[in-house]
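Enquirer: One structure follows; several queries about it will come next.
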Amino acid sequence: MPEVLKAPLVVEFPFTRSVGPVQSAFLTGLRERVVLGVRTRDGRTLVPPVEYDPVTAEEIRDLVEVAPTGAVTTWAWNHEPRRGQPLDTPFAWVLVRLDGADTALLHALDAPGPDAVRTGMRVRVRWAGERHGSITDIACFEPYDDAADHTAVDEPTAHDGQFENTIDGIVAPARLDYTYSPGRAQTAYIEALSERRTVGERCPSCRKVYVPPRGACPTCGVATYEQVEVGPRGTVTTYCIVNIKAKNLDIEVPYVYAHIALDGADLALHGRIAGIPYDQVRMGLRVEPVWTKGARHPDHYRPTGEPDAEYDTYKELL
Amino acid sequence: MSKESVAVVGIGQTKHVAARRDVSIAGLVREAARCALDDAELTWADIEAVVIGKAPDFFEGVMMPELYLADALGAVGKPLLRVHTAGSVGGSTALVAANLVASRVHGTVLTLAFEKQSESNAMWGLSLPIPFQQPLLAGAGGFFAPHVRAYMRRSGAPDTVGSLVAYKDRRNALKNPCAHLHEHDITLEKVQASPMLWDPIRYSETCPSSDGACAMVLTDRAGAARAPRPPAWMLGGAMRSEPTLFAGKDFVSPQAGKDCAADVYRQAGIADPRRDIDAVEMYVPFSWYEPMWLENLGFADEGEGWKLTEAGVTELDGDLPVNMSGGVLSANPIGASGMIRFAEAALQVRGQAGEHQVEGVRRVLGHAYGGGSQFFSMWLVGAQLPDS
């Protein structure tokens with residue numbers, strides 16, 4: 001069996017996110033070196049703040065300012081920081097309960113090694129030099145020896161949450177790294193295409209020929225192995241005329257996007273029709289693939305000049 | 001043990017708009033949930049479980065948003081489930097919630113579906129560049145337009161029918177304060193003159209991209225007896241699936257859709273849907289799907305659906321009104337769109353639909369579909385308790 005194809009697939013997109021009134025105040029506060037939480041009706045102070053009380057589901061809008069100092073409630077050492085993490089040298093992920101807060105905030109602690117970290121240790125915010133209204137405005141936390149000046153209890157103080165130029169939204173990039181493999185059946189199909197042959201697979205049960213093959217019949221649920229060469233000619237079963245330019249495609253509009261049933265295949269694949277004015281394409285038109293040098297797939301399909309196929313011969317393939 | 005009867009006693013929707021930049025996702029779902037609770041005159045404490053749905057995670061880039069919506073939806077300490085069936089998800093979500101009541105697992109359940117399309121990129125999420133594969137040559141409209149052409153060929157429908165549907169739905173939307181599109185100066189000529197995007201589909205025959213949420217409170221007979229307003233009773237509900245592509249798939253009238261409708265009608269004792277059902281909220285993201293689904297759902301014989309549309313039968317004052325709310329063509333927060341169909345069907349039988357209320361409707365079908373016409377979910381709701 002030939003080796004199955006593999007290729008990297010990176011999926012990445014910068015999503016926008018409206019943050020709502022509470023996170024708006026929190027993020028804008030960070031830009032101004034102010035850490036805000038919310039006060040629940042039963043007197044707890046939640047940092048980072050939430051919009052709705054986790055116990056009562058009540059809407060919470062009472063903002064309070066807490067201290068930029070606090071204690072580590074638990075931690076884990078990160079030996080190998082990855083791209084996009086807060087520090088590029090090994091650090092501790094920490095949950096920090098800021099003085100005046102009843103809940104803990106997740107962030108990074110800059111420490112020389114795991115031996116320098118312990119639950120209960122005192123830490124303080126290290127502000128980023130440039131702040132834009134983001135959780136990374138806190139560059140990280142750092143150990144803080146406050147035996148001299150730490151007052152016993154830091155009461156949170158009420159805050160109106162009013163700032164100039166509030167942050168109403170953030171951009172949250174998402175990225176996924178995959179190794180993609182099309183599998184055995186599609187690998188054989190792709191390799192045959194490099195010889196400009198189209199090879200599908202026949203289901204041993206219903207006898208339908210699948211192009212491209214999936215290695216299994218989706219209706220019978222059985223594996224398919226029998227290879228069947230189809231085409232190269234086929235019939236346009238249906239189509240649309242595309243009048244809007246796709247962002248990443250270098251094709252002039254209008255063009256015809258068609259479903260093409262290759263001779264011998266039991267379902268249609270999709271392709272572009274050219275070599276004929278777009279408004280003369282019709283259902284039943286007989287077409288053949290046109291290849292360009294080095295391309296993995298046919299560039300488009302063009303009319304063969306044969307008489308059109310009768311509707312009855314392809315209506316089951318629509 | 002027989003099934004418990006399921007009643008809709010609370011319905012809430014946001015005003016669907018192009019972009020809700022003033023609220024987080026939590027704030028958006030909260031609004032709809034709060035409206036539904038207020039309608040039912042219930043509090044968070046009355047809810048025993050929460051079932052939510054939205055379109056695929058990558059539409060908005062929030063992985064498993066249910067994880068951070070528990071407090072916004074009062075779900076702390078209760079079961080919180082998420083349902084995931086592409087565009088039909090709003091319908092399937094309501095049915096999963098309904099089944100929790102019907103099976104007597106819970107007495108009162110909050111169900112909600114949402115989408116913040118302004119913060120998503122559905123087109124991109126649907127067409128990732130897969131190695132070795134030929135790039136897609138068209139967007140969502142390009143996927144569906146060839147099937148519309150196949151329908152026109154099969155039925156002999158004149159090419160004017162698509163515009164009639166869009167013109168009707170956009171006028172209906174003017175009577176629905178929650179609809180996204182309120183095109184006060186809409187005319188049939190304007191629809192017909194709008195640009196052809198994916199011939200045979202015109203710009204005005206496609207759905208908008210919306211931010212919105214929809215919520216319902218479902219309960220049992222005891223809960224319905226305490227409800228302040230008339231409930232809608234579920235008379236039947238079903239889901240069906242089939243592969244995206246397979247040899248013999250009928251994209252014009254998928255078998256899964258026919259089977260799903262037949263199951264709902266069997267449960268509800270509907271012999272002739274055209275006679276026994278008074279109105280329909282169906283999932284029509286491209287206007288031509290109205291005549292196509294009229295046939296798939298058994299309201300017309302094969303090839304005859306367009307004649308109902310053309311004759312005005314599906315108008316708000318017609319014999320079988322379709323999409324009284326303005327439909328998906330007038331508001332499409334994708335994940336919520338199916339639930340909006342279900343909720344609008346319930347509003348009609350409760351007599352609570354306001355200006356787009358059809359007088360005297362007793363049984364209304366809510367319909368959703370998704371993926372490559374492969375997931376179907378439907379319910380039939382009535383003004384009267386089943387078997388009474």
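Ligands are numbered from 1 in the order shown, chains are lettered A, B, ... in the order of the structure tokens, and residues start at 1 in each chain.
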Near region 184-193 of chain B, within 12 Å and counting only C-alpha atoms, which residues show up once chain neighbours fewer than 3 positions away are dropped, as a PyMOL selection string?
Expert: chain B and resi 159-175+181+196-197+200-206+287
Enquirer: Using only C-alpha atoms, tabulate the residues of chain B lying at most 6 Å from any atom of chain A, each with its closest atom pair and that distance in Å to one decimal, by chain and increasing residue number, as a Markdown table.
Expert:
```
| residue | atom | partner | partner_atom | distance |
| --- | --- | --- | --- | --- |
| B:Arg21 | CA | A:Ser18 | CA | 5.4 |
| B:Asp22 | CA | A:Gly20 | CA | 5.8 |
| B:Val23 | CA | A:Gly20 | CA | 4.3 |
| B:Ser24 | CA | A:Gly20 | CA | 4.5 |
| B:Asp71 | CA | A:Pro54 | CA | 4.7 |
| B:Ala72 | CA | A:Tyr52 | CA | 5.4 |
| B:Gly74 | CA | A:Ala57 | CA | 4.8 |
| B:Glu119 | CA | A:Thr16 | CA | 5.2 |
| B:Ala145 | CA | A:Cys240 | CA | 5.8 |
| B:Pro146 | CA | A:Tyr239 | CA | 4.5 |
| B:Leu197 | CA | A:Asn243 | CA | 5.0 |
| B:Trp198 | CA | A:Val242 | CA | 4.6 |
| B:Asp199 | CA | A:Ile241 | CA | 4.8 |
| B:Ala247 | CA | A:Leu267 | CA | 5.1 |
```
Enquirer: May I have the residues from that selection written out with N, CA and C atoms, as a compact mmCIF listing (two decimals), in the first residue's frame?
Expert:
```txt
# COMPACT_ATOMS: atom_id res chain seq x y z
N ARG B 21 -22.74 45.23 19.95
CA ARG B 21 -21.43 45.49 20.54
C ARG B 21 -21.52 45.87 22.01
N ASP B 22 -22.76 46.15 22.48
CA ASP B 22 -22.91 46.62 23.86
C ASP B 22 -22.94 45.48 24.88
N VAL B 23 -23.06 44.24 24.42
CA VAL B 23 -23.15 43.12 25.37
C VAL B 23 -22.14 42.04 25.03
N SER B 24 -21.73 41.33 26.07
CA SER B 24 -20.94 40.11 25.89
C SER B 24 -21.90 39.00 25.45
N ASP B 71 -23.33 30.92 35.00
CA ASP B 71 -23.84 31.92 35.95
C ASP B 71 -24.83 32.86 35.27
N ALA B 72 -24.58 33.21 34.00
CA ALA B 72 -25.51 34.11 33.30
C ALA B 72 -26.88 33.46 33.14
N GLY B 74 -28.17 31.13 35.25
CA GLY B 74 -28.67 30.59 36.51
C GLY B 74 -28.52 29.08 36.60
N GLU B 119 -19.37 38.79 15.61
CA GLU B 119 -18.06 38.49 16.19
C GLU B 119 -17.55 37.16 15.66
N ALA B 145 -27.32 27.19 -4.31
CA ALA B 145 -27.93 27.66 -5.56
C ALA B 145 -28.12 26.54 -6.60
N PRO B 146 -27.15 25.63 -6.78
CA PRO B 146 -27.39 24.56 -7.77
C PRO B 146 -28.59 23.69 -7.41
N LEU B 197 -26.58 37.13 -7.13
CA LEU B 197 -25.29 36.75 -6.50
C LEU B 197 -24.80 35.41 -7.03
N TRP B 198 -25.62 34.39 -6.75
CA TRP B 198 -25.31 33.04 -7.22
C TRP B 198 -26.52 32.63 -8.05
N ASP B 199 -26.55 33.03 -9.30
CA ASP B 199 -27.69 32.78 -10.17
C ASP B 199 -28.09 31.31 -10.05
N ALA B 247 -24.38 8.73 -2.61
CA ALA B 247 -24.98 8.39 -3.89
C ALA B 247 -26.48 8.22 -3.68
```
Enquirer: Rank nothing, just name the residue among A:Glu288, A:Glu201, A:Asp102, A:Asp115 nearest to Arg302 (chain A), using only C-alpha atoms.
Expert: A:Glu288
Enquirer: Write out as a count of residues only the set of residues from region 76-292 of chain B that DSSP, computed on the backbone, places in alpha helix (DSSP H).
Expert: 82
Enquirer: Counting only C-alpha atoms, what is within 9 Å of region 319-328 of chain B, bar same-chain residues fewer than 4 positions away, as a PyMOL selection string?
Expert: chain B and resi 166+168-176+178-179+181+206-208+274+277-286+290+308+312-315+332-334+337-338+340-341+344+348+353+356-358
Enquirer: Considering only strand (DSSP E) as DSSP defines it on the backbone, what residues of region 92-203 of chain B qualify? List them as a list of chain:residue names.
Expert: B:Thr108, B:Val109, B:Leu110, B:Thr111, B:Leu112, B:Ala113, B:Phe114, B:Glu115, B:Lys116, B:Met196, B:Leu197, B:Trp198, B:Asp199, B:Ile201, B:Arg202
Enquirer: Show me, as a PDB file with N, CA and C atoms, in the first residue's frame, the residues that have an atom within 8 Å of Glu155 (chain A) when counting only C-alpha atoms, minus same-chain residues fewer than 6 positions from it.
Expert:
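What follows is the written file out-v7.pdb:
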```pdb
ATOM      1  N   VAL A  66      -9.465  46.764  44.219  1.00  0.00           N
ATOM      2  CA  VAL A  66      -8.695  45.980  45.192  1.00  0.00           C
ATOM      3  C   VAL A  66      -7.214  46.313  45.016  1.00  0.00           C
ATOM      4  N   ASP A  99      -5.368  41.257  47.701  1.00  0.00           N
ATOM      5  CA  ASP A  99      -5.810  41.739  49.008  1.00  0.00           C
ATOM      6  C   ASP A  99      -7.136  42.477  48.848  1.00  0.00           C
ATOM      7  N   GLY A 100      -8.141  41.999  49.552  1.00  0.00           N
ATOM      8  CA  GLY A 100      -9.480  42.579  49.444  1.00  0.00           C
ATOM      9  C   GLY A 100     -10.425  41.719  48.629  1.00  0.00           C
TER      10      GLY A 100
END
```
Enquirer: Have a look at B:Val76, B:Leu347, B:Val217, B:Val62 and name the one nearest to Ser120 (chain B); count only C-alpha atoms.
Expert: B:Val62
Enquirer: List the neighbours of Leu106 (chain A) out to 7 Å using only C-alpha atoms; skip same-chain residues closer than 6 positions along the sequence, and give me the result as a PDB file with N, CA and C atoms, in the first residue's frame.
Expert:
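Writing done, so here's part-v2.pdb:
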```
ATOM      1  N   VAL A  94       0.049  30.836  38.473  1.00  0.00           N
ATOM      2  CA  VAL A  94      -0.418  31.012  39.847  1.00  0.00           C
ATOM      3  C   VAL A  94      -1.865  31.476  39.882  1.00  0.00           C
ATOM      4  N   LEU A  95      -2.550  31.079  40.940  1.00  0.00           N
ATOM      5  CA  LEU A  95      -3.824  31.708  41.266  1.00  0.00           C
ATOM      6  C   LEU A  95      -3.510  32.670  42.403  1.00  0.00           C
ATOM      7  N   VAL A  96      -3.831  33.942  42.197  1.00  0.00           N
ATOM      8  CA  VAL A  96      -3.509  34.974  43.189  1.00  0.00           C
ATOM      9  C   VAL A  96      -4.807  35.564  43.734  1.00  0.00           C
TER      10      VAL A  96
END
```
Enquirer: Which residues come within 7 Å of region 89-96 of chain B, counting only C-alpha atoms, excluding same-chain residues fewer than 6 positions away, as an mmCIF file with C-alpha atoms, in the first residue's frame?
Expert:
```cif
data_model
loop_
_atom_site.group_PDB
_atom_site.id
_atom_site.type_symbol
_atom_site.label_atom_id
_atom_site.label_comp_id
_atom_site.auth_asym_id
_atom_site.auth_seq_id
_atom_site.Cartn_x
_atom_site.Cartn_y
_atom_site.Cartn_z
ATOM 1 C CA VAL B 51 -30.160 23.196 27.561
ATOM 2 C CA ILE B 52 -28.376 25.547 25.153
ATOM 3 C CA GLY B 53 -27.339 25.476 21.520
ATOM 4 C CA LYS B 54 -25.286 27.495 19.074
ATOM 5 C CA ALA B 55 -23.590 26.955 15.744
ATOM 6 C CA VAL B 83 -26.594 20.568 21.696
ATOM 7 C CA THR B 111 -33.729 26.157 26.694
ATOM 8 C CA ALA B 113 -29.946 29.250 21.517
ATOM 9 C CA GLY B 237 -41.327 16.465 17.812
ATOM 10 C CA MET B 239 -35.045 14.859 14.570
ATOM 11 C CA GLY B 335 -27.475 29.097 16.163
ATOM 12 C CA ALA B 336 -30.733 30.683 17.319
ATOM 13 C CA SER B 337 -32.613 30.595 14.000
ATOM 14 C CA GLY B 338 -34.064 27.106 14.490
ATOM 15 C CA MET B 339 -35.264 27.899 17.998
ATOM 16 C CA PHE B 342 -40.009 26.768 17.201
ATOM 17 C CA ALA B 368 -35.217 23.724 11.219
ATOM 18 C CA SER B 377 -35.614 19.012 13.606
ATOM 19 C CA MET B 378 -39.287 19.885 13.851
#
```
Enquirer: Here is a test: counting only C-alpha atoms, which residue of B:Ala18, B:Ala222, B:His367, B:Asp259 is nearest to Leu294 (chain B)?
Expert: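 Answer, going by the shortest atom-to-atom distance: B:His367.
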Enquirer: Near Ala49 (chain B), counting only C-alpha atoms, which residues have an atom at most 10 Å away, once you skip same-chain residues fewer than 6 positions from it, shown as a PyMOL selection string?
Expert: chain B and resi 73-81+97+100-101+105-111
Enquirer: Output the selection as a PDB file, in the first residue's frame - N, CA and C atoms for each residue.
Expert:
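After the write, result39.pdb holds the following:
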```pdb
ATOM      1  N   LEU B  73     -26.918  32.128  33.081  1.00  0.00           N
ATOM      2  CA  LEU B  73     -28.179  31.420  32.846  1.00  0.00           C
ATOM      3  C   LEU B  73     -28.706  30.749  34.109  1.00  0.00           C
ATOM      4  N   GLY B  74     -28.167  31.134  35.249  1.00  0.00           N
ATOM      5  CA  GLY B  74     -28.671  30.588  36.507  1.00  0.00           C
ATOM      6  C   GLY B  74     -28.523  29.082  36.600  1.00  0.00           C
ATOM      7  N   ALA B  75     -27.502  28.538  35.939  1.00  0.00           N
ATOM      8  CA  ALA B  75     -27.385  27.078  35.842  1.00  0.00           C
ATOM      9  C   ALA B  75     -26.455  26.479  36.895  1.00  0.00           C
ATOM     10  N   VAL B  76     -25.914  27.326  37.778  1.00  0.00           N
ATOM     11  CA  VAL B  76     -24.992  26.799  38.788  1.00  0.00           C
ATOM     12  C   VAL B  76     -25.732  25.799  39.684  1.00  0.00           C
ATOM     13  N   GLY B  77     -25.150  24.625  39.829  1.00  0.00           N
ATOM     14  CA  GLY B  77     -25.770  23.593  40.650  1.00  0.00           C
ATOM     15  C   GLY B  77     -26.841  22.799  39.921  1.00  0.00           C
ATOM     16  N   LYS B  78     -26.983  23.044  38.616  1.00  0.00           N
ATOM     17  CA  LYS B  78     -28.006  22.333  37.831  1.00  0.00           C
ATOM     18  C   LYS B  78     -27.342  21.716  36.604  1.00  0.00           C
ATOM     19  N   PRO B  79     -27.994  20.773  35.957  1.00  0.00           N
ATOM     20  CA  PRO B  79     -27.440  20.268  34.688  1.00  0.00           C
ATOM     21  C   PRO B  79     -27.478  21.367  33.621  1.00  0.00           C
ATOM     22  N   LEU B  80     -26.366  21.515  32.898  1.00  0.00           N
ATOM     23  CA  LEU B  80     -26.297  22.443  31.754  1.00  0.00           C
ATOM     24  C   LEU B  80     -25.770  21.635  30.578  1.00  0.00           C
ATOM     25  N   LEU B  81     -26.581  21.484  29.546  1.00  0.00           N
ATOM     26  CA  LEU B  81     -26.192  20.682  28.381  1.00  0.00           C
ATOM     27  C   LEU B  81     -26.093  21.578  27.164  1.00  0.00           C
ATOM     28  N   ALA B  97     -34.431  19.589  25.276  1.00  0.00           N
ATOM     29  CA  ALA B  97     -35.039  20.131  26.498  1.00  0.00           C
ATOM     30  C   ALA B  97     -36.432  19.539  26.701  1.00  0.00           C
ATOM     31  N   LEU B 100     -36.460  16.098  28.125  1.00  0.00           N
ATOM     32  CA  LEU B 100     -36.189  16.023  29.569  1.00  0.00           C
ATOM     33  C   LEU B 100     -37.484  16.157  30.367  1.00  0.00           C
ATOM     34  N   VAL B 101     -38.415  16.972  29.843  1.00  0.00           N
ATOM     35  CA  VAL B 101     -39.709  17.128  30.507  1.00  0.00           C
ATOM     36  C   VAL B 101     -40.597  15.925  30.200  1.00  0.00           C
ATOM     37  N   VAL B 105     -37.674  13.579  33.639  1.00  0.00           N
ATOM     38  CA  VAL B 105     -36.384  13.783  34.307  1.00  0.00           C
ATOM     39  C   VAL B 105     -36.417  15.114  35.049  1.00  0.00           C
ATOM     40  N   HIS B 106     -37.007  16.119  34.415  1.00  0.00           N
ATOM     41  CA  HIS B 106     -37.140  17.435  35.037  1.00  0.00           C
ATOM     42  C   HIS B 106     -38.543  17.974  34.802  1.00  0.00           C
ATOM     43  N   GLY B 107     -38.995  18.829  35.707  1.00  0.00           N
ATOM     44  CA  GLY B 107     -40.324  19.425  35.571  1.00  0.00           C
ATOM     45  C   GLY B 107     -40.313  20.686  34.728  1.00  0.00           C
ATOM     46  N   THR B 108     -39.321  21.539  34.952  1.00  0.00           N
ATOM     47  CA  THR B 108     -39.255  22.824  34.234  1.00  0.00           C
ATOM     48  C   THR B 108     -37.827  23.053  33.738  1.00  0.00           C
ATOM     49  N   VAL B 109     -37.683  23.297  32.441  1.00  0.00           N
ATOM     50  CA  VAL B 109     -36.369  23.408  31.809  1.00  0.00           C
ATOM     51  C   VAL B 109     -36.303  24.714  31.015  1.00  0.00           C
ATOM     52  N   LEU B 110     -35.163  25.399  31.121  1.00  0.00           N
ATOM     53  CA  LEU B 110     -34.904  26.573  30.285  1.00  0.00           C
ATOM     54  C   LEU B 110     -34.085  26.120  29.084  1.00  0.00           C
ATOM     55  N   THR B 111     -34.523  26.481  27.882  1.00  0.00           N
ATOM     56  CA  THR B 111     -33.729  26.157  26.694  1.00  0.00           C
ATOM     57  C   THR B 111     -33.456  27.447  25.935  1.00  0.00           C
TER      58      THR B 111
END
```
Enquirer: Between A:Gln227, A:Asp88, A:Val123, A:His159, which one has atoms that come closest to Gly37 (chain A), using only C-alpha atoms?
Expert: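 Residue with the minimum atom-to-atom distance to Gly37 (chain A): A:His159.
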Enquirer: Here is a test: counting only C-alpha atoms, which residue of A:Leu87, A:Leu98, A:Leu193, A:Val38 is nearest to Pro68 (chain A)?
Expert: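 Looking at the shortest contact to Pro68 (chain A), the residue is A:Leu98.
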Enquirer: Enter the distance from CA of Val264 (chain B) to CA of Ala224 (chain B), in Å, rounded to one decimal.
Expert: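 CA of Val264 (chain B) sits 22.0 Å away from CA of Ala224 (chain B).
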Enquirer: Go ahead and compute the interatomic distance for CA of Thr103 (chain A) and CA of Thr73 (chain A), in Å to one decimal.
Expert: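 Taking CA of Thr103 (chain A) as the start and CA of Thr73 (chain A) as the end point, the length is 9.5 Å.
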Enquirer: Considering only C-alpha atoms, state which residue in the set A:Ser134, A:Phe141, A:Thr157, A:Asp308 is at the smallest distance from Ile170 (chain A).
Expert: A:Ser134
